[in-house]
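Undergrad: Sharing work.pdb (PDB, C-alpha atoms and all ligand atoms) below.
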```
ATOM      1  CA  MET A   1      75.842 134.800  71.993
ATOM      2  CA  LYS A   2      79.096 136.198  73.416
ATOM      3  CA  ARG A   3      77.565 136.063  76.864
ATOM      4  CA  LEU A   4      76.459 132.443  76.339
ATOM      5  CA  LEU A   5      79.996 131.514  75.252
ATOM      6  CA  PHE A   6      81.469 133.256  78.285
ATOM      7  CA  VAL A   7      79.092 131.432  80.643
ATOM      8  CA  SER A   8      79.883 128.060  79.013
ATOM      9  CA  VAL A   9      83.619 128.633  79.226
ATOM     10  CA  MET A  10      83.315 129.675  82.870
ATOM     11  CA  ALA A  11      81.239 126.571  83.625
ATOM     12  CA  LEU A  12      83.945 124.402  82.081
ATOM     13  CA  ILE A  13      86.669 126.190  84.025
ATOM     14  CA  LEU A  14      84.747 125.867  87.282
ATOM     15  CA  ALA A  15      84.247 122.159  86.653
ATOM     16  CA  ALA A  16      87.981 121.674  86.265
ATOM     17  CA  CYS A  17      90.096 119.883  88.798
ATOM     18  CA  GLY A  18      91.102 121.840  91.828
ATOM     19  CA  GLN A  19      88.374 124.458  91.929
ATOM     20  CA  GLU A  20      87.090 125.642  95.292
ATOM     21  CA  ALA A  21      83.844 124.187  96.603
ATOM     22  CA  SER A  22      83.730 121.616  93.814
ATOM     23  CA  GLN A  23      81.446 118.651  94.485
ATOM     24  CA  LYS A  24      81.966 116.591  91.337
ATOM     25  CA  THR A  25      81.771 112.843  91.617
ATOM     26  CA  PHE A  26      83.602 110.310  89.501
ATOM     27  CA  VAL A  27      84.003 106.545  89.358
ATOM     28  CA  PHE A  28      87.333 104.834  90.014
ATOM     29  CA  GLU A  29      88.449 103.234  86.752
ATOM     30  CA  GLY A  30      91.736 101.792  87.977
ATOM     31  CA  ASN A  31      94.922 103.635  88.803
ATOM     32  CA  PRO A  32      95.613 106.461  88.759
ATOM     33  CA  LEU A  33      92.653 107.463  90.903
ATOM     34  CA  VAL A  34      92.318 111.045  89.627
ATOM     35  CA  ARG A  35      92.479 111.521  85.881
ATOM     36  CA  ASP A  36      91.632 115.158  85.272
ATOM     37  CA  CYS A  37      94.692 116.675  86.909
ATOM     38  CA  TYR A  38      98.004 115.729  88.475
ATOM     39  CA  THR A  39      97.915 114.808  92.165
ATOM     40  CA  ALA A  40     100.680 113.864  94.606
ATOM     41  CA  ASP A  41     101.491 112.810  98.149
ATOM     42  CA  PRO A  42      98.227 111.031  99.052
ATOM     43  CA  ALA A  43      97.222 111.147 102.726
ATOM     44  CA  PRO A  44      94.196 108.961 103.525
ATOM     45  CA  MET A  45      92.042 109.516 106.627
ATOM     46  CA  VAL A  46      88.873 107.765 107.790
ATOM     47  CA  SER A  47      86.506 110.291 109.332
ATOM     48  CA  SER A  48      83.879 109.683 112.001
ATOM     49  CA  ASP A  49      81.342 110.531 109.257
ATOM     50  CA  GLY A  50      82.181 107.098 107.811
ATOM     51  CA  ARG A  51      83.925 108.349 104.661
ATOM     52  CA  LEU A  52      87.508 107.855 103.561
ATOM     53  CA  TYR A  53      89.147 111.167 102.668
ATOM     54  CA  VAL A  54      92.339 111.491 100.658
ATOM     55  CA  TYR A  55      94.306 114.738 100.781
ATOM     56  CA  CYS A  56      96.992 115.508  98.226
ATOM     57  CA  GLY A  57      98.970 118.226  96.527
ATOM     58  CA  HIS A  58      97.994 119.516  93.081
ATOM     59  CA  ASP A  59     100.979 119.068  90.746
ATOM     60  CA  GLU A  60     100.911 121.788  88.115
ATOM     61  CA  CYS A  61     104.120 121.492  86.166
ATOM     62  CA  PHE A  62     103.763 122.649  82.580
ATOM     63  CA  GLU A  63     106.281 123.758  79.985
ATOM     64  CA  ASP A  64     105.028 127.311  80.113
ATOM     65  CA  LYS A  65     104.814 127.275  83.896
ATOM     66  CA  PRO A  66     108.166 126.016  85.105
ATOM     67  CA  GLY A  67     108.291 124.068  88.322
ATOM     68  CA  TYR A  68     110.395 124.870  91.309
ATOM     69  CA  GLU A  69     113.156 122.602  90.021
ATOM     70  CA  GLY A  70     112.891 123.587  86.380
ATOM     71  CA  LYS A  71     110.721 122.749  83.427
ATOM     72  CA  TYR A  72     109.489 119.395  84.680
ATOM     73  CA  GLY A  73     109.993 119.878  88.402
ATOM     74  CA  PHE A  74     107.616 120.594  91.226
ATOM     75  CA  ASN A  75     105.001 123.327  91.043
ATOM     76  CA  ILE A  76     102.446 122.505  93.747
ATOM     77  CA  THR A  77     100.291 125.486  94.583
ATOM     78  CA  GLU A  78      97.360 124.010  96.517
ATOM     79  CA  TRP A  79      96.028 121.007  98.392
ATOM     80  CA  LEU A  80      93.058 119.006  97.110
ATOM     81  CA  CYS A  81      90.676 116.585  98.812
ATOM     82  CA  TYR A  82      88.721 113.566  97.562
ATOM     83  CA  SER A  83      86.394 111.250  99.476
ATOM     84  CA  THR A  84      84.509 108.017  99.054
ATOM     85  CA  GLU A  85      82.360 105.581 100.982
ATOM     86  CA  ASP A  86      82.915 102.544  98.771
ATOM     87  CA  MET A  87      86.304 103.069  97.022
ATOM     88  CA  VAL A  88      84.379 103.226  93.739
ATOM     89  CA  THR A  89      82.459 106.501  93.622
ATOM     90  CA  TRP A  90      84.578 109.463  94.666
ATOM     91  CA  THR A  91      83.690 113.067  95.444
ATOM     92  CA  ASP A  92      86.090 115.791  94.382
ATOM     93  CA  HIS A  93      86.030 118.442  97.117
ATOM     94  CA  GLY A  94      88.324 120.741  95.169
ATOM     95  CA  VAL A  95      90.923 123.011  96.720
ATOM     96  CA  ILE A  96      90.881 122.902 100.501
ATOM     97  CA  MET A  97      93.838 125.176 101.182
ATOM     98  CA  LYS A  98      96.837 126.883  99.605
ATOM     99  CA  PRO A  99     100.258 127.426 101.177
ATOM    100  CA  THR A 100      99.684 131.143 100.897
ATOM    101  CA  ASP A 101      96.722 130.806 103.293
ATOM    102  CA  PHE A 102      99.459 130.611 105.923
ATOM    103  CA  SER A 103     100.655 134.202 106.342
ATOM    104  CA  TRP A 104     104.217 133.009 106.949
ATOM    105  CA  ALA A 105     104.484 130.667 103.933
ATOM    106  CA  ILE A 106     105.563 131.618 100.432
ATOM    107  CA  GLY A 107     104.303 128.610  98.475
ATOM    108  CA  GLU A 108     104.746 124.909  97.610
ATOM    109  CA  ALA A 109     102.034 122.516  98.803
ATOM    110  CA  TRP A 110     104.289 119.657  99.844
ATOM    111  CA  ALA A 111     103.028 116.557 101.653
ATOM    112  CA  SER A 112     100.292 116.700 104.294
ATOM    113  CA  GLN A 113      98.172 114.610 106.635
ATOM    114  CA  VAL A 114      94.845 115.224 108.364
ATOM    115  CA  MET A 115      93.979 113.873 111.791
ATOM    116  CA  GLU A 116      90.501 113.977 113.339
ATOM    117  CA  TYR A 117      90.919 114.799 116.999
ATOM    118  CA  GLU A 118      88.360 115.763 119.620
ATOM    119  CA  GLY A 119      85.748 116.866 117.107
ATOM    120  CA  LYS A 120      88.038 118.854 114.835
ATOM    121  CA  TYR A 121      90.212 118.113 111.833
ATOM    122  CA  TYR A 122      93.887 119.092 111.990
ATOM    123  CA  PHE A 123      95.667 119.535 108.681
ATOM    124  CA  PHE A 124      99.437 119.153 109.043
ATOM    125  CA  VAL A 125     101.246 120.432 105.985
ATOM    126  CA  SER A 126     104.734 121.013 104.671
ATOM    127  CA  THR A 127     105.438 124.168 102.787
ATOM    128  CA  GLN A 128     108.040 126.663 101.752
ATOM    129  CA  CYS A 129     108.751 129.429 104.237
ATOM    130  CA  GLY A 130     111.754 131.231 102.809
ATOM    131  CA  ASP A 131     114.686 130.560 100.523
ATOM    132  CA  PRO A 132     114.575 127.343  98.475
ATOM    133  CA  ASN A 133     116.030 125.251 101.268
ATOM    134  CA  CYS A 134     113.741 126.583 103.981
ATOM    135  CA  LYS A 135     110.892 124.184 104.595
ATOM    136  CA  ALA A 136     108.431 124.333 107.475
ATOM    137  CA  ILE A 137     105.505 122.382 108.902
ATOM    138  CA  GLY A 138     102.272 124.198 109.616
ATOM    139  CA  VAL A 139      98.968 123.119 111.112
ATOM    140  CA  ALA A 140      95.510 124.269 110.140
ATOM    141  CA  VAL A 141      92.166 123.349 111.649
ATOM    142  CA  SER A 142      88.592 122.869 110.490
ATOM    143  CA  ASP A 143      85.255 121.634 111.793
ATOM    144  CA  LYS A 144      84.786 119.543 108.663
ATOM    145  CA  PRO A 145      87.106 117.047 106.943
ATOM    146  CA  GLU A 146      86.832 118.860 103.622
ATOM    147  CA  GLY A 147      87.524 122.247 105.204
ATOM    148  CA  PRO A 148      87.691 125.183 104.972
ATOM    149  CA  TYR A 149      90.935 125.010 106.956
ATOM    150  CA  VAL A 150      92.531 127.973 108.689
ATOM    151  CA  ASP A 151      95.999 128.345 110.162
ATOM    152  CA  ALA A 152      95.705 127.183 113.777
ATOM    153  CA  ILE A 153      98.611 129.142 115.265
ATOM    154  CA  GLY A 154      99.659 131.886 112.851
ATOM    155  CA  LYS A 155     103.229 130.589 112.668
ATOM    156  CA  PRO A 156     104.978 127.370 111.662
ATOM    157  CA  LEU A 157     104.879 124.457 114.081
ATOM    158  CA  ILE A 158     108.296 123.218 112.921
ATOM    159  CA  THR A 159     111.040 125.272 111.303
ATOM    160  CA  ASP A 160     114.557 124.559 110.095
ATOM    161  CA  GLU A 161     116.117 126.153 113.162
ATOM    162  CA  MET A 162     114.466 123.586 115.419
ATOM    163  CA  THR A 163     116.424 120.625 114.065
ATOM    164  CA  ASP A 164     120.122 120.187 113.525
ATOM    165  CA  ASN A 165     119.208 118.826 110.112
ATOM    166  CA  GLY A 166     121.489 115.778 110.297
ATOM    167  CA  PRO A 167     124.217 115.062 107.786
ATOM    168  CA  ARG A 168     122.344 116.577 104.824
ATOM    169  CA  GLY A 169     121.890 119.919 106.549
ATOM    170  CA  TRP A 170     119.049 121.322 104.451
ATOM    171  CA  TRP A 171     115.505 120.697 103.272
ATOM    172  CA  ASN A 172     114.773 118.419 106.231
ATOM    173  CA  ASP A 173     111.726 119.795 107.936
ATOM    174  CA  PHE A 174     108.735 118.632 105.959
ATOM    175  CA  ASP A 175     106.475 115.605 105.287
ATOM    176  CA  PRO A 176     104.529 115.460 108.582
ATOM    177  CA  THR A 177     102.724 112.358 109.847
ATOM    178  CA  VAL A 178     100.739 112.199 113.082
ATOM    179  CA  MET A 179      99.301 109.547 115.374
ATOM    180  CA  VAL A 180      97.829 109.377 118.880
ATOM    181  CA  ASP A 181      99.307 106.652 121.057
ATOM    182  CA  ASP A 182      97.273 104.455 123.414
ATOM    183  CA  ASP A 183      98.305 106.604 126.401
ATOM    184  CA  GLY A 184      96.822 109.625 124.609
ATOM    185  CA  THR A 185     100.138 111.174 123.539
ATOM    186  CA  PRO A 186      99.927 112.713 120.076
ATOM    187  CA  TRP A 187     103.157 112.242 118.099
ATOM    188  CA  LEU A 188     104.466 114.206 115.153
ATOM    189  CA  CYS A 189     107.005 112.547 112.886
ATOM    190  CA  TRP A 190     108.538 114.164 109.803
ATOM    191  CA  GLY A 191     111.636 114.701 107.758
ATOM    192  CA  ASN A 192     113.520 114.454 104.525
ATOM    193  CA  GLY A 193     116.917 112.767 104.893
ATOM    194  CA  THR A 194     116.385 112.440 108.652
ATOM    195  CA  CYS A 195     113.298 111.032 110.364
ATOM    196  CA  PHE A 196     112.347 113.234 113.314
ATOM    197  CA  LEU A 197     109.895 112.502 116.142
ATOM    198  CA  ALA A 198     108.400 114.745 118.827
ATOM    199  CA  PRO A 199     105.432 114.535 121.209
ATOM    200  CA  LEU A 200     102.694 117.117 120.793
ATOM    201  CA  LYS A 201     100.602 118.728 123.495
ATOM    202  CA  HIS A 202      96.946 117.768 123.556
ATOM    203  CA  ASN A 203      96.080 120.932 121.642
ATOM    204  CA  LEU A 204      98.079 119.425 118.719
ATOM    205  CA  VAL A 205      99.641 122.797 117.968
ATOM    206  CA  GLU A 206     102.630 122.808 120.339
ATOM    207  CA  LEU A 207     105.523 120.437 120.934
ATOM    208  CA  ASP A 208     105.498 118.730 124.313
ATOM    209  CA  GLY A 209     109.057 117.409 124.483
ATOM    210  CA  PRO A 210     112.368 117.220 122.694
ATOM    211  CA  ILE A 211     112.780 116.383 119.022
ATOM    212  CA  THR A 212     114.516 113.038 118.617
ATOM    213  CA  ILE A 213     115.729 111.146 115.566
ATOM    214  CA  LEU A 214     114.297 107.774 114.581
ATOM    215  CA  PRO A 215     117.014 105.716 112.891
ATOM    216  CA  MET A 216     115.381 104.350 109.718
ATOM    217  CA  GLU A 217     117.318 102.231 107.276
ATOM    218  CA  ASN A 218     117.525 103.596 103.719
ATOM    219  CA  TYR A 219     115.211 106.455 104.685
ATOM    220  CA  VAL A 220     114.535 109.293 102.240
ATOM    221  CA  GLU A 221     111.274 111.059 103.190
ATOM    222  CA  GLY A 222     107.484 110.749 103.525
ATOM    223  CA  PRO A 223     107.088 108.851 106.829
ATOM    224  CA  TRP A 224     103.655 107.408 107.629
ATOM    225  CA  LEU A 225     103.412 106.501 111.314
ATOM    226  CA  TYR A 226     100.619 104.371 112.784
ATOM    227  CA  LYS A 227      99.788 101.610 115.220
ATOM    228  CA  ARG A 228      97.907  98.468 114.303
ATOM    229  CA  ASN A 229      97.210  95.337 116.376
ATOM    230  CA  GLY A 230      99.934  96.164 118.898
ATOM    231  CA  HIS A 231     102.634  96.916 116.315
ATOM    232  CA  TYR A 232     103.959 100.371 115.456
ATOM    233  CA  TYR A 233     104.698 100.984 111.787
ATOM    234  CA  ASN A 234     106.632 103.580 109.892
ATOM    235  CA  VAL A 235     106.091 103.236 106.145
ATOM    236  CA  TYR A 236     108.340 105.626 104.211
ATOM    237  CA  ALA A 237     109.982 106.511 100.934
ATOM    238  CA  SER A 238     113.342 104.759 100.651
ATOM    239  CA  MET A 239     116.017 104.824  97.957
ATOM    240  CA  GLY A 240     115.926 102.256  95.151
ATOM    241  CA  GLN A 241     118.416 101.963  92.280
ATOM    242  CA  THR A 242     117.695 105.417  90.913
ATOM    243  CA  LEU A 243     114.174 106.260  92.090
ATOM    244  CA  GLU A 244     112.349 106.075  95.387
ATOM    245  CA  THR A 245     110.765 102.874  96.668
ATOM    246  CA  ILE A 246     108.531 102.240  99.693
ATOM    247  CA  SER A 247     109.986 100.498 102.752
ATOM    248  CA  TYR A 248     108.776 100.041 106.288
ATOM    249  CA  ALA A 249     109.954  99.467 109.829
ATOM    250  CA  MET A 250     108.170  98.016 112.864
ATOM    251  CA  ALA A 251     108.574  98.652 116.571
ATOM    252  CA  PRO A 252     107.038  97.670 119.924
ATOM    253  CA  ALA A 253     106.776 101.372 120.892
ATOM    254  CA  VAL A 254     106.745 104.634 119.009
ATOM    255  CA  GLU A 255     110.193 105.592 120.254
ATOM    256  CA  GLY A 256     111.585 102.222 119.172
ATOM    257  CA  PRO A 257     113.585 100.133 118.852
ATOM    258  CA  TRP A 258     112.624 100.079 115.178
ATOM    259  CA  THR A 259     113.386  97.089 112.973
ATOM    260  CA  PHE A 260     113.759  97.497 109.232
ATOM    261  CA  MET A 261     111.294  95.167 107.507
ATOM    262  CA  GLY A 262     112.423  95.706 103.927
ATOM    263  CA  GLU A 263     110.947  97.070 100.759
ATOM    264  CA  LEU A 264     107.187  96.983 100.267
ATOM    265  CA  MET A 265     106.952  98.502  96.794
ATOM    266  CA  GLY A 266     109.599  99.040  94.103
ATOM    267  CA  GLU A 267     110.308 102.007  91.866
ATOM    268  CA  GLU A 268     107.474 103.562  89.870
ATOM    269  CA  LYS A 269     108.688 104.292  86.354
ATOM    270  CA  ASP A 270     109.621 107.944  85.714
ATOM    271  CA  SER A 271     108.613 109.180  89.177
ATOM    272  CA  PHE A 272     111.500 110.017  91.468
ATOM    273  CA  THR A 273     109.137 110.275  94.450
ATOM    274  CA  ILE A 274     106.524 107.744  95.553
ATOM    275  CA  HIS A 275     105.141 108.879  98.970
ATOM    276  CA  PRO A 276     103.133 106.279 100.963
ATOM    277  CA  GLY A 277      99.920 106.614 102.974
ATOM    278  CA  VAL A 278      98.377 103.567 104.679
ATOM    279  CA  ILE A 279      94.810 103.095 105.909
ATOM    280  CA  ASP A 280      92.263 100.485 106.998
ATOM    281  CA  TYR A 281      88.774 101.056 105.644
ATOM    282  CA  LYS A 282      85.681  98.866 105.801
ATOM    283  CA  GLY A 283      87.608  95.668 106.527
ATOM    284  CA  LYS A 284      90.334  96.177 103.934
ATOM    285  CA  SER A 285      93.780  97.750 104.103
ATOM    286  CA  TYR A 286      95.188 100.056 101.458
ATOM    287  CA  LEU A 287      98.513 101.549 100.478
ATOM    288  CA  PHE A 288      98.245 104.887  98.712
ATOM    289  CA  TYR A 289     101.207 106.195  96.708
ATOM    290  CA  HIS A 290     101.822 108.165  93.532
ATOM    291  CA  ASN A 291     103.311 107.472  90.128
ATOM    292  CA  THR A 292     103.616 109.297  86.814
ATOM    293  CA  SER A 293     101.347 107.126  84.687
ATOM    294  CA  LEU A 294      98.967 109.919  83.628
ATOM    295  CA  SER A 295      99.552 112.044  80.569
ATOM    296  CA  LEU A 296      96.979 114.787  80.226
ATOM    297  CA  ASP A 297      98.432 117.029  77.620
ATOM    298  CA  GLY A 298     100.992 115.082  75.677
ATOM    299  CA  TYR A 299     103.995 116.244  77.679
ATOM    300  CA  GLY A 300     104.301 112.792  79.273
ATOM    301  CA  PRO A 301     105.668 111.784  82.628
ATOM    302  CA  ALA A 302     107.825 114.108  84.720
ATOM    303  CA  THR A 303     108.916 114.533  88.297
ATOM    304  CA  GLY A 304     106.318 117.218  88.849
ATOM    305  CA  ARG A 305     103.403 115.513  87.054
ATOM    306  CA  ARG A 306     102.363 112.798  89.467
ATOM    307  CA  SER A 307      99.105 110.916  90.117
ATOM    308  CA  ILE A 308      97.785 109.291  93.252
ATOM    309  CA  CYS A 309      97.064 105.560  93.197
ATOM    310  CA  PHE A 310      96.054 102.916  95.697
ATOM    311  CA  THR A 311      96.415  99.183  96.064
ATOM    312  CA  GLU A 312      95.184  96.670  98.611
ATOM    313  CA  ILE A 313      97.610  95.320 101.184
ATOM    314  CA  ALA A 314      97.348  92.558 103.775
ATOM    315  CA  TYR A 315      98.945  91.937 107.169
ATOM    316  CA  ASP A 316     100.085  88.423 108.072
ATOM    317  CA  GLN A 317      99.891  86.878 111.555
ATOM    318  CA  ASP A 318     103.161  88.538 112.558
ATOM    319  CA  GLY A 319     101.960  91.917 111.346
ATOM    320  CA  LEU A 320     104.158  91.961 108.266
ATOM    321  CA  ILE A 321     102.735  93.893 105.329
ATOM    322  CA  HIS A 322     102.250  92.289 101.922
ATOM    323  CA  LEU A 323     100.962  93.738  98.650
ATOM    324  CA  LYS A 324      97.866  91.835  97.532
TER     325      LYS A 324
HETATM  326  O1  LIG B 401     105.506 116.497  96.657
HETATM  327  C1  LIG B 401     106.671 117.036  97.166
HETATM  328  C2  LIG B 401     107.498 116.054  97.903
HETATM  329  O2  LIG B 401     107.790 114.960  97.079
HETATM  330  C3  LIG B 401     106.887 115.448  99.127
HETATM  331  O3  LIG B 401     106.795 116.314 100.193
HETATM  332  C4  LIG B 401     107.750 114.293  99.270
HETATM  333  O4  LIG B 401     107.313 113.314 100.157
HETATM  334  C5  LIG B 401     107.827 113.804  97.859
HETATM  335  O5  LIG B 401     106.749 113.010  97.518
END
```
Let me see the file written as structure tokens.
TA:
Amino acid sequence: MKRLLFVSVMALILAACGQEASQKTFVFEGNPLVRDCYTADPAPMVSSDGRLYVYCGHDECFEDKPGYEGKYGFNITEWLCYSTEDMVTWTDHGVIMKPTDFSWAIGEAWASQVMEYEGKYYFFVSTQCGDPNCKAIGVAVSDKPEGPYVDAIGKPLITDEMTDNGPRGWWNDFDPTVMVDDDGTPWLCWGNGTCFLAPLKHNLVELDGPITILPMENYVEGPWLYKRNGHYYNVYASMGQTLETISYAMAPAVEGPWTFMGELMGEEKDSFTIHPGVIDYKGKSYLFYHNTSLSLDGYGPATGRRSICFTEIAYDQDGLIHLK
């Protein structure tokens, strides 16, 4: 009997959100997308296998497990992955990597993005590499979109020392976004407080030129860089009245000049952060973001208890983005 109980409890634990090698499926019931755990910083990617993958951090802030910024702050110990082929039925791929899988990182699964490139999947992540203000960007690689991912270079790709950190001077080097331009140049863009840009070599794991700053109006963090129908876009977290909003800028080339196009989405109640990710999939366009609408355990909304969501967007004839 004891053994039966143990096996049942283990089965329940293994079925829980964020377990390795999980292959649960669930049906989208409206936002938030994931309802069995807290998820943040959604990064959508359409793979050549035809599926849409969404990567995110696993928010685990609980009263008895204080977050990095206190009781209700951030405690993000791993990255999760979900996929779909119809936006309705989703597969939960479980934990695909932890910050501590990078030998040089000490924790914190901040925002990420995956890019499929020449038959491999490159997972760009932000994490904590030292004291609380020391952020870094790493890159891991896999043969499959759902991993397993392994550190591609054994050291951070971007560290604090590589940028002058702008007026804020700390916590700048995270939130990576990547795109490959029409001439084949891969670009890495990132930053909190300052939006940085640098070309990457074709191996995707080395810089191939100087780091420059993209002037972005009302910029906070979470850039999402892409090109669509001849226009370059940077969709990013901007500052609202008291919480983050989502704004975007457009340009005729990745290095600019960039024009501020205004706010795309307003504040999400109770969530300081909002973090955009934009994707086209099967003839529709989507904006992914996060809010704090999920309450799993009665503690209610908090900065470190976020949930990924998505909504359809549309582009008009001038390329401007509208919420549908
Ligand atoms: O999840 C941690 C941080 O909050 C992200 O890196 C930022 O973009 C913000 O969403």
Undergrad: Could you pull the residues within 7 Å of Ser83 in chain A, counting all atoms listed in the file, minus those fewer than 6 positions along the same chain, as number ranges by chain?
TA: A: 51-54, 90-92
Undergrad: Would you mind telling me which residue in A:Val220, A:Val34, A:Met179, A:Leu207 lies nearest to ligand LIG 401 (chain B) when using only C-alpha atoms and all ligand atoms?
TA: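 Closest residue, counting only C-alpha atoms and all ligand atoms: A:Val220.
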Undergrad: List every protein, DNA or RNA residue that has an atom no more than 10 Å from (96.7, 102.3, 101.9) in the file's coordinate frame, counting all atoms listed in the file, and report them as number ranges by chain.
TA: A: 42-45, 276-281, 284-289, 309-314
Undergrad: Here's a test: counting only C-alpha atoms, identify every protein, DNA and RNA residue with an atom at most 8 Å from (106.0, 112.0, 106.4) in the file's coordinate frame, and state them as a list of chain:residue names.
TA: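 Neighbouring residues, ordered by chain and number, come to A:Ala111, A:Ser112, A:Phe174, A:Asp175, A:Pro176, A:Thr177, A:Cys189, A:Trp190, A:Gly191, A:Glu221, A:Gly222, A:Pro223, A:Trp224, A:Leu225, A:Tyr236.
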Undergrad: What is the CA of Asp316 in chain A to CA of Trp258 in chain A distance in Å?
TA: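 One can read the CA of Asp316 in chain A to CA of Trp258 in chain A distance as 18.5 Å.
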Undergrad: Listing only residues of range 198-307 of chain A within 10 Å of range 121-143 of chain A, what is the closest atom pair and its distance in Å (to one decimal) for each, using all atoms listed in the file, sorted by chain and residue number ascending, as JSON lines?
TA:
```
{"residue": "A:Leu204", "atom": "CA", "partner": "A:Tyr122", "partner_atom": "CA", "distance": 7.9}
{"residue": "A:Val205", "atom": "CA", "partner": "A:Val139", "partner_atom": "CA", "distance": 6.9}
{"residue": "A:Glu206", "atom": "CA", "partner": "A:Val139", "partner_atom": "CA", "distance": 9.9}
```
Undergrad: For Pro301 in chain A, which of A:Val180, A:Cys61, A:Leu264, A:Cys56 is the closest residue, counting all atoms listed in the file?
TA: A:Cys61
Undergrad: In terms of the shortest atom-to-atom distance over only C-alpha atoms and all ligand atoms, which of A:Thr100, A:Ser295, A:Asn229, A:Thr77 is closest to ligand LIG 401 (chain B)?
TA: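 Closest to ligand LIG 401 (chain B) of all the choices is A:Thr77.
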Undergrad: What would the selection look like, as a list in words, if the PyMOL selection byres (((chain A and resi 154) around 8) and not hetatm) were run on the coordinates I just shared?
TA: Phe102, Ser103, Trp104, Asp151, Ala152, Ile153, Lys155 and Pro156 of chain A
Undergrad: With distances taken over only C-alpha atoms, which residue among A:Tyr55, A:Tyr38, A:Phe272, A:Tyr233 lies nearest Glu255 in chain A?
TA: A:Tyr233
Undergrad: Around ligand LIG 401 (chain B), with edges along x, y and z and 3 Å added on all six sides, what centre and edge lengths do you get, in Å to one decimal, as AutoDock Vina command-line options?
TA:
```
--center_x 106.7 --center_y 115.0 --center_z 98.4 --size_x 8.3 --size_y 10.0 --size_z 9.5
```
Undergrad: Considering only C-alpha atoms and all ligand atoms, state which residue in the set A:Met216, A:Cys37, A:Leu243, A:Val150 is at the smallest distance from ligand LIG 401 (chain B).
TA: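 For ligand LIG 401 (chain B), the nearest of the candidates is A:Leu243.
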Undergrad: Compare A:Asp101, A:Asp183, A:Glu29, A:Glu108 by their minimum atom-to-atom distance to ligand LIG 401 (chain B), counting all atoms listed in the file, and give me the closest one.
TA: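 Using all atoms listed in the file, ligand LIG 401 (chain B) sits closest to A:Glu108.
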Undergrad: Can you measure CA of Glu263 in chain A to CA of Cys195 in chain A for me? One decimal in Å is fine.
TA: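 Between these atoms lies a distance of 17.1 Å.
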Undergrad: What does the structure give for the distance between CA of Ala198 in chain A and CA of Lys120 in chain A, in Å to one decimal?
TA: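 Taking CA of Ala198 in chain A as the start and CA of Lys120 in chain A as the end point, the length is 21.2 Å.
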Undergrad: For Gly240 in chain A, find every residue with an atom within 10 Å (counting only C-alpha atoms), except residues of its own chain fewer than 5 positions away, and show them as a list in words.
TA: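 Once the nearby chain positions are removed, what remains is Asn218, Thr245, Ile246, Ser247, Glu263, Met265, Gly266, Glu267 and Phe272 of chain A.
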Undergrad: Counting all atoms listed in the file, what is within 7 Å of Pro199 in chain A, bar same-chain residues fewer than 4 positions away, as an MDAnalysis selection string?
TA: chainID A and resid 185:188 207:209
